[in-house]
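The next block is final_26.cif, given as mmCIF, C-alpha atoms, pLDDT in the B column; chains and numbers go by the auth columns.
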data_final
loop_
_atom_site.group_PDB
_atom_site.id
_atom_site.type_symbol
_atom_site.label_atom_id
_atom_site.label_comp_id
_atom_site.label_asym_id
_atom_site.label_seq_id
_atom_site.Cartn_x
_atom_site.Cartn_y
_atom_site.Cartn_z
_atom_site.B_iso_or_equiv
_atom_site.auth_seq_id
_atom_site.auth_asym_id
ATOM 1 C CA MET A 1 0.000 0.000 0.000 45.00 264 X
ATOM 2 C CA GLU A 2 1.787 3.024 -1.265 48.00 265 X
ATOM 3 C CA GLN A 3 -0.835 5.530 -0.200 50.00 266 X
ATOM 4 C CA LEU A 4 -3.645 5.342 2.271 52.00 267 X
ATOM 5 C CA VAL A 5 -7.140 5.571 0.828 47.00 268 X
ATOM 6 C CA GLY A 6 -8.388 8.268 3.242 51.00 269 X
ATOM 7 C CA LYS A 7 -9.849 11.159 1.235 55.00 270 X
ATOM 8 C CA ASN A 8 -7.965 10.154 -1.878 52.00 271 X
ATOM 9 C CA TRP A 9 -10.643 8.289 -3.870 50.00 272 X
ATOM 10 C CA GLN A 10 -8.303 7.693 -6.800 52.00 273 X
ATOM 11 C CA ASN A 11 -6.459 5.075 -4.771 51.00 274 X
ATOM 12 C CA LEU A 12 -9.547 3.050 -3.868 50.00 275 X
ATOM 13 C CA TRP A 13 -8.152 0.084 -5.811 51.00 276 X
ATOM 14 C CA VAL A 14 -5.639 -0.448 -2.958 51.00 277 X
ATOM 15 C CA LEU A 15 -8.419 -1.511 -0.555 49.00 278 X
ATOM 16 C CA PRO A 16 -9.313 -4.891 -2.162 52.00 279 X
ATOM 17 C CA ASP A 17 -5.641 -5.903 -2.185 49.00 280 X
ATOM 18 C CA SER A 18 -5.320 -5.224 1.536 48.00 281 X
ATOM 19 C CA ILE A 19 -8.508 -7.202 2.241 48.00 282 X
ATOM 20 C CA VAL A 20 -7.054 -10.210 0.421 46.00 283 X
ATOM 21 C CA VAL A 21 -3.839 -9.986 2.478 43.00 284 X
ATOM 22 C CA VAL A 22 -5.802 -9.797 5.740 44.00 285 X
ATOM 23 C CA GLY A 23 -7.965 -12.742 4.696 45.00 286 X
ATOM 24 C CA ARG A 24 -4.938 -14.947 4.060 48.00 287 X
ATOM 25 C CA TYR A 25 -3.463 -14.474 7.510 51.00 288 X
ATOM 26 C CA MET A 26 -6.561 -14.527 9.693 55.00 289 X
ATOM 27 C CA ALA A 27 -6.508 -16.771 12.728 64.00 290 X
ATOM 28 C CA LYS A 28 -8.451 -20.017 12.637 79.00 291 X
ATOM 29 C CA LEU A 29 -11.316 -20.956 14.935 85.00 292 X
ATOM 30 C CA GLU A 30 -9.106 -23.170 17.075 85.00 293 X
ATOM 31 C CA SER A 31 -6.723 -20.258 17.669 86.00 294 X
ATOM 32 C CA TRP A 32 -9.516 -18.058 18.988 88.00 295 X
ATOM 33 C CA THR A 33 -10.913 -20.926 21.049 92.00 296 X
ATOM 34 C CA SER A 34 -7.494 -21.517 22.600 92.00 297 X
ATOM 35 C CA ILE A 35 -7.392 -17.838 23.598 92.00 298 X
ATOM 36 C CA GLY A 36 -10.760 -18.382 25.292 94.00 299 X
ATOM 37 C CA ALA A 37 -9.332 -21.420 27.089 95.00 300 X
ATOM 38 C CA ILE A 38 -6.420 -19.461 28.521 95.00 301 X
ATOM 39 C CA ALA A 39 -8.751 -16.617 29.507 96.00 302 X
ATOM 40 C CA MET A 40 -11.037 -18.994 31.392 96.00 303 X
ATOM 41 C CA GLY A 41 -8.063 -20.810 32.929 96.00 304 X
ATOM 42 C CA SER A 42 -6.555 -17.557 34.162 96.00 305 X
ATOM 43 C CA LEU A 43 -9.934 -16.484 35.535 96.00 306 X
ATOM 44 C CA PHE A 44 -10.247 -19.819 37.334 96.00 307 X
ATOM 45 C CA VAL A 45 -6.792 -19.568 38.900 97.00 308 X
ATOM 46 C CA SER A 46 -7.377 -16.005 40.084 97.00 309 X
ATOM 47 C CA MET A 47 -10.823 -16.886 41.483 96.00 310 X
ATOM 48 C CA MET A 48 -9.444 -19.906 43.344 96.00 311 X
ATOM 49 C CA ILE A 49 -6.568 -17.917 44.837 96.00 312 X
ATOM 50 C CA SER A 50 -8.927 -15.186 45.995 95.00 313 X
ATOM 51 C CA PHE A 51 -11.423 -17.765 47.320 94.00 314 X
ATOM 52 C CA TYR A 52 -8.774 -19.559 49.370 93.00 315 X
ATOM 53 C CA ALA A 53 -7.410 -16.212 50.593 92.00 316 X
ATOM 54 C CA PHE A 54 -10.971 -15.321 51.650 92.00 317 X
ATOM 55 C CA LEU A 55 -11.225 -18.594 53.586 91.00 318 X
ATOM 56 C CA ILE A 56 -7.923 -17.875 55.323 91.00 319 X
ATOM 57 C CA GLY A 57 -9.311 -14.523 56.448 87.00 320 X
ATOM 58 C CA PRO A 58 -7.646 -11.231 57.262 85.00 321 X
ATOM 59 C CA GLU A 59 -5.933 -12.485 60.445 83.00 322 X
ATOM 60 C CA GLY A 60 -5.700 -16.159 59.559 79.00 323 X
ATOM 61 C CA GLU A 61 -8.819 -17.080 61.539 82.00 324 X
ATOM 62 C CA GLY A 62 -11.230 -17.430 58.643 82.00 325 X
ATOM 63 C CA PRO A 63 -13.872 -15.131 57.206 86.00 326 X
ATOM 64 C CA ASN A 64 -16.039 -12.947 59.431 82.00 327 X
ATOM 65 C CA VAL A 65 -19.274 -14.024 57.700 84.00 328 X
ATOM 66 C CA ASP A 66 -21.147 -17.292 57.347 85.00 329 X
ATOM 67 C CA VAL A 67 -20.080 -19.110 54.216 86.00 330 X
ATOM 68 C CA ASP A 68 -20.635 -22.482 52.572 89.00 331 X
ATOM 69 C CA PRO A 69 -17.199 -23.358 51.137 90.00 332 X
ATOM 70 C CA GLY A 70 -18.438 -26.390 49.210 90.00 333 X
ATOM 71 C CA ALA A 71 -21.067 -24.409 47.327 92.00 334 X
ATOM 72 C CA LEU A 72 -18.634 -21.592 46.561 92.00 335 X
ATOM 73 C CA LEU A 73 -16.087 -24.104 45.298 93.00 336 X
ATOM 74 C CA ALA A 74 -18.671 -25.717 43.019 94.00 337 X
ATOM 75 C CA GLN A 75 -19.664 -22.287 41.734 94.00 338 X
ATOM 76 C CA THR A 76 -16.062 -21.330 41.019 94.00 339 X
ATOM 77 C CA ILE A 77 -15.382 -24.574 39.187 94.00 340 X
ATOM 78 C CA SER A 78 -18.558 -24.332 37.119 95.00 341 X
ATOM 79 C CA ILE A 79 -18.004 -20.668 36.200 94.00 342 X
ATOM 80 C CA SER A 80 -14.473 -20.943 34.887 94.00 343 X
ATOM 81 C CA GLY A 81 -12.658 -24.206 35.683 94.00 344 X
ATOM 82 C CA ALA A 82 -14.793 -26.639 33.724 95.00 345 X
ATOM 83 C CA PRO A 83 -15.321 -24.256 30.753 96.00 346 X
ATOM 84 C CA SER A 84 -11.545 -23.868 30.462 96.00 347 X
ATOM 85 C CA LEU A 85 -11.099 -27.625 30.190 96.00 348 X
ATOM 86 C CA ILE A 86 -14.034 -27.918 27.780 96.00 349 X
ATOM 87 C CA LEU A 87 -12.565 -25.227 25.516 95.00 350 X
ATOM 88 C CA ALA A 88 -9.192 -26.983 25.585 94.00 351 X
ATOM 89 C CA GLY A 89 -10.937 -30.178 24.496 93.00 352 X
ATOM 90 C CA VAL A 90 -12.736 -28.320 21.708 93.00 353 X
ATOM 91 C CA VAL A 91 -9.408 -26.927 20.471 92.00 354 X
ATOM 92 C CA PHE A 92 -7.978 -30.442 20.429 89.00 355 X
ATOM 93 C CA GLY A 93 -11.053 -31.720 18.588 89.00 356 X
ATOM 94 C CA LEU A 94 -10.789 -28.996 15.983 86.00 357 X
ATOM 95 C CA SER A 95 -7.099 -29.381 15.277 84.00 358 X
ATOM 96 C CA PHE A 96 -5.923 -32.894 16.131 73.00 359 X
ATOM 97 C CA ARG A 97 -5.574 -33.777 12.425 75.00 360 X
ATOM 98 C CA SER A 98 -3.702 -30.646 11.443 74.00 361 X
ATOM 99 C CA ARG A 99 -0.866 -28.828 13.138 75.00 362 X
ATOM 100 C CA ASN A 100 -1.705 -25.406 14.585 80.00 363 X
ATOM 101 C CA VAL A 101 1.368 -24.174 16.416 83.00 364 X
ATOM 102 C CA PHE A 102 -0.285 -21.028 17.814 86.00 365 X
ATOM 103 C CA ALA A 103 -3.229 -22.913 19.329 88.00 366 X
ATOM 104 C CA GLY A 104 -0.856 -25.554 20.690 89.00 367 X
ATOM 105 C CA LEU A 105 1.372 -22.977 22.357 91.00 368 X
ATOM 106 C CA ILE A 106 -1.637 -21.252 23.910 93.00 369 X
ATOM 107 C CA LEU A 107 -2.834 -24.624 25.276 94.00 370 X
ATOM 108 C CA ILE A 108 0.635 -25.274 26.683 94.00 371 X
ATOM 109 C CA LEU A 109 0.471 -21.879 28.376 95.00 372 X
ATOM 110 C CA THR A 110 -3.011 -22.702 29.680 96.00 373 X
ATOM 111 C CA GLY A 111 -1.751 -25.966 31.147 96.00 374 X
ATOM 112 C CA LEU A 112 1.176 -24.219 32.811 97.00 375 X
ATOM 113 C CA THR A 113 -1.186 -21.593 34.227 97.00 376 X
ATOM 114 C CA LEU A 114 -3.404 -24.278 35.736 97.00 377 X
ATOM 115 C CA ILE A 115 -0.454 -26.235 37.157 97.00 378 X
ATOM 116 C CA VAL A 116 1.298 -23.257 38.760 97.00 379 X
ATOM 117 C CA GLY A 117 -1.928 -21.646 39.975 96.00 380 X
ATOM 118 C CA MET A 118 -3.268 -24.800 41.567 96.00 381 X
ATOM 119 C CA TRP A 119 0.121 -25.457 43.157 96.00 382 X
ATOM 120 C CA ILE A 120 -0.125 -22.014 44.799 96.00 383 X
ATOM 121 C CA VAL A 121 -3.689 -22.797 45.914 95.00 384 X
ATOM 122 C CA ASP A 122 -2.566 -26.132 47.336 93.00 385 X
ATOM 123 C CA MET A 123 0.116 -24.348 49.381 94.00 386 X
ATOM 124 C CA MET A 124 -2.535 -21.953 50.733 93.00 387 X
ATOM 125 C CA LEU A 125 -4.662 -24.897 51.897 90.00 388 X
ATOM 126 C CA GLU A 126 -2.722 -25.486 55.113 90.00 389 X
ATOM 127 C CA ASN A 127 -3.571 -21.964 56.338 90.00 390 X
ATOM 128 C CA ILE A 128 -7.355 -22.480 56.151 89.00 391 X
ATOM 129 C CA ASP A 129 -9.040 -23.038 59.504 86.00 392 X
ATOM 130 C CA ILE A 130 -10.319 -26.592 60.025 86.00 393 X
ATOM 131 C CA GLN A 131 -13.964 -25.517 60.359 86.00 394 X
ATOM 132 C CA PHE A 132 -13.960 -24.201 56.775 86.00 395 X
ATOM 133 C CA ARG A 133 -12.302 -27.224 55.207 87.00 396 X
ATOM 134 C CA THR A 134 -14.450 -29.534 53.143 87.00 397 X
ATOM 135 C CA ILE A 135 -13.506 -32.550 51.072 86.00 398 X
ATOM 136 C CA GLY A 136 -13.618 -30.572 47.835 88.00 399 X
ATOM 137 C CA LEU A 137 -11.164 -27.974 49.078 90.00 400 X
ATOM 138 C CA ASP A 138 -8.536 -30.651 49.574 90.00 401 X
ATOM 139 C CA TYR A 139 -8.960 -32.393 46.212 93.00 402 X
ATOM 140 C CA ALA A 140 -9.826 -29.586 43.761 94.00 403 X
ATOM 141 C CA PRO A 141 -6.250 -28.259 43.404 95.00 404 X
ATOM 142 C CA LYS A 142 -4.862 -31.756 42.872 95.00 405 X
ATOM 143 C CA ILE A 143 -7.515 -32.576 40.263 96.00 406 X
ATOM 144 C CA PHE A 144 -6.816 -29.385 38.360 96.00 407 X
ATOM 145 C CA VAL A 145 -3.044 -29.930 38.488 97.00 408 X
ATOM 146 C CA ALA A 146 -3.687 -33.252 36.746 97.00 409 X
ATOM 147 C CA ALA A 147 -6.049 -31.510 34.303 97.00 410 X
ATOM 148 C CA GLY A 148 -3.378 -28.870 33.642 96.00 411 X
ATOM 149 C CA ILE A 149 -0.878 -31.612 32.815 97.00 412 X
ATOM 150 C CA GLY A 150 -3.447 -33.069 30.407 96.00 413 X
ATOM 151 C CA VAL A 151 -4.033 -29.707 28.729 96.00 414 X
ATOM 152 C CA LEU A 152 -0.265 -29.221 28.443 95.00 415 X
ATOM 153 C CA ILE A 153 0.072 -32.619 26.732 94.00 416 X
ATOM 154 C CA LEU A 154 -2.790 -31.809 24.327 92.00 417 X
ATOM 155 C CA GLY A 155 -1.122 -28.507 23.461 91.00 418 X
ATOM 156 C CA ALA A 156 2.215 -30.207 22.836 90.00 419 X
ATOM 157 C CA TYR A 157 0.504 -32.725 20.552 88.00 420 X
ATOM 158 C CA ILE A 158 -1.235 -29.996 18.555 87.00 421 X
ATOM 159 C CA ALA A 159 1.893 -27.856 18.272 84.00 422 X
ATOM 160 C CA LYS A 160 4.475 -30.523 17.521 82.00 423 X
ATOM 161 C CA ILE A 161 3.175 -34.038 16.858 77.00 424 X
ATOM 162 C CA ALA A 162 0.017 -33.472 14.780 63.00 425 X
ATOM 163 C CA PRO A 163 0.532 -33.930 11.037 62.00 426 X
ATOM 164 C CA GLN A 164 1.054 -30.877 8.847 66.00 427 X
ATOM 165 C CA SER A 165 -2.149 -29.526 7.368 60.00 428 X
ATOM 166 C CA ARG A 166 -2.469 -30.209 3.705 55.00 429 X
ATOM 167 C CA ILE A 167 -4.068 -28.004 1.084 53.00 430 X
ATOM 168 C CA ARG A 168 -6.561 -30.042 -0.862 53.00 431 X
ATOM 169 C CA HIS A 169 -6.966 -29.554 -4.599 52.00 432 X
ATOM 170 C CA ALA A 170 -9.736 -30.655 -6.922 56.00 433 X
ATOM 171 C CA ARG A 171 -7.370 -33.167 -8.531 59.00 434 X
ATOM 172 C CA ASP A 172 -7.133 -35.016 -5.191 54.00 435 X
ATOM 173 C CA TYR A 173 -10.761 -36.054 -5.557 57.00 436 X
ATOM 174 C CA GLU A 174 -10.625 -37.128 -9.196 60.00 437 X
ATOM 175 C CA GLN A 175 -10.720 -40.818 -9.933 59.00 438 X
#

Take the structure in this file and express it as structure tokens.
Amino acid sequence: MEQLVGKNWQNLWVLPDSIVVVGRYMAKLESWTSIGAIAMGSLFVSMMISFYAFLIGPEGEGPNVDVDPGALLAQTISISGAPSLILAGVVFGLSFRSRNVFAGLILILTGLTLIVGMWIVDMMLENIDIQFRTIGLDYAPKIFVAAGIGVLILGAYIAKIAPQSRIRHARDYEQ
């Protein structure tokens, strides 16, 4: 593009060429879905850290209000934890037959986010008062560390091991 179109209507022919260039390099659906997976994973990690910090309380004695930790944990998992894993599975389903390095790297980053975040949450667990501990609080970080390892493996498969995508031509279907 030598000149911008702006008010110069003589150079309007430049616009279709730039649209073609943008269309060639647009991200695929699995790339955008992987961005959604990392967004939901980051939201889940930050919500879990703040939830466990809330259960620890300002002076380490627990919150000053009545709370049902099991219900809040289920709410946190259903708002962002499970959707993050579902989106990671959708990305794998969309691109397991063709290599998408960007989506794979984003899934690797999502897996690392889940692993490190849930490790931090697991370290915070020992500071929660015994009256606020439920069974789910003990096992949720461990389950999501394992899920993060799974997401990391899926991302590595998509980025490195999946076969190269192949452009299909009409002659491929001729008999």

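Here CA of Val308 in chain X and CA of Leu357 in chain X stand 25.1 Å from one another.
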
Resolved residues for the PyMOL selection byres ((chain X and resi 400) around 8) as a compact mmCIF listing (two decimals) with C-alpha atoms, keeping the file's coordinate frame:
# COMPACT_ATOMS: atom_id res chain seq x y z
CA PRO X 332 -17.20 -23.36 51.14
CA GLY X 333 -18.44 -26.39 49.21
CA LEU X 336 -16.09 -24.10 45.30
CA LEU X 388 -4.66 -24.90 51.90
CA ARG X 396 -12.30 -27.22 55.21
CA THR X 397 -14.45 -29.53 53.14
CA ILE X 398 -13.51 -32.55 51.07
CA GLY X 399 -13.62 -30.57 47.84
CA ASP X 401 -8.54 -30.65 49.57
CA TYR X 402 -8.96 -32.39 46.21
CA ALA X 403 -9.83 -29.59 43.76
CA PRO X 404 -6.25 -28.26 43.40

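In this structure, CA of Asn390 in chain X sits 12.6 Å away from CA of Ile312 in chain X.
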
Closest of X:Ser361, X:Thr373, X:Ser341, X:Gln394 to Ile298 in chain X - atom-to-atom distances counting all atoms listed in the file
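The closest residue to Ile298 in chain X is X:Thr373.
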
Would you kindly return, as a PyMOL selection string, each protein, DNA or RNA residue with an atom no farther than 8 Å from any atom of Phe359 in chain X, considering all atoms listed in the file and excluding same-chain residues fewer than 2 positions away?
chain X and resi 355-357+361-362+420-421+425

Quick one: what's the axis-aligned box for range 368-374 of chain X, all listed atoms, 5 Å on every side, centre and edges in Å to one decimal, as JSON?
{"center_x": -0.8, "center_y": -23.6, "center_z": 26.8, "size_x": 14.4, "size_y": 14.7, "size_z": 18.8}

Hey, can you check how far CA of Lys405 in chain X sits from CA of Leu335 in chain X?
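For CA of Lys405 in chain X relative to CA of Leu335 in chain X, the distance reads 17.5 Å.
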
Need the shell around Lys423 in chain X: protein/DNA/RNA residues with any atom at most 10 Å away, counting only C-alpha atoms. Skip same-chain ones fewer than 5 positions apart. Format as a list of chain:residue names?
X:Arg362, X:Asn363, X:Val364, X:Gly367, X:Leu368, X:Gly418

Export C-alpha atoms of the chosen residues as a PDB file, in the frame of the given file?
ATOM      1  CA  ARG X 362      -0.866 -28.828  13.138  1.00 75.00           C
ATOM      2  CA  ASN X 363      -1.705 -25.406  14.585  1.00 80.00           C
ATOM      3  CA  VAL X 364       1.368 -24.174  16.416  1.00 83.00           C
ATOM      4  CA  GLY X 367      -0.856 -25.554  20.690  1.00 89.00           C
ATOM      5  CA  LEU X 368       1.372 -22.977  22.357  1.00 91.00           C
ATOM      6  CA  GLY X 418      -1.122 -28.507  23.461  1.00 91.00           C
TER       7      GLY X 418
END

Name the residues that the PyMOL selection byres ((chain X and resi 304) around 7) picks from the file above, as a list in words, using the file's chain letters and numbers.
Ala300, Ile301, Ala302, Met303, Ser305, Leu306, Phe307, Val308, Ser343, Gly344, Ser347, Thr373 and Leu377 of chain X

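Distances to Ser297 in chain X were evaluated for X:Phe314, X:Val354, X:Ile319, X:Val328 using all atoms listed in the file, and the minimum falls at X:Val354.
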
Residues picked by the PyMOL selection byres ((chain X and resi 411) around 7) here, as a JSON list (two decimals) with C-alpha atoms, keeping the file's coordinate frame?
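After the write, selection_5.json holds the following:
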[["chain", "number", "residue", "atom", "x", "y", "z"],
["X", 374, "GLY", "CA", -1.75, -25.97, 31.15],
["X", 375, "LEU", "CA", 1.18, -24.22, 32.81],
["X", 377, "LEU", "CA", -3.40, -24.28, 35.74],
["X", 378, "ILE", "CA", -0.45, -26.24, 37.16],
["X", 407, "PHE", "CA", -6.82, -29.38, 38.36],
["X", 408, "VAL", "CA", -3.04, -29.93, 38.49],
["X", 409, "ALA", "CA", -3.69, -33.25, 36.75],
["X", 410, "ALA", "CA", -6.05, -31.51, 34.30],
["X", 412, "ILE", "CA", -0.88, -31.61, 32.82],
["X", 413, "GLY", "CA", -3.45, -33.07, 30.41],
["X", 414, "VAL", "CA", -4.03, -29.71, 28.73],
["X", 415, "LEU", "CA", -0.26, -29.22, 28.44]]

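Minimum atom-to-atom distances from X:Met311, X:Ala351, X:Leu318, X:Arg360 to Thr339 in chain X were compared using only C-alpha atoms, and the lowest value belongs to X:Met311.
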
May I have the residues within 10 Å of Trp295 in chain X as a list in words, using all atoms listed in the file and disregarding those fewer than 6 positions away in the same chain?
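Final neighbour list, sorted by chain and number: Val354, Phe365, Ala366 and Ile369 of chain X.
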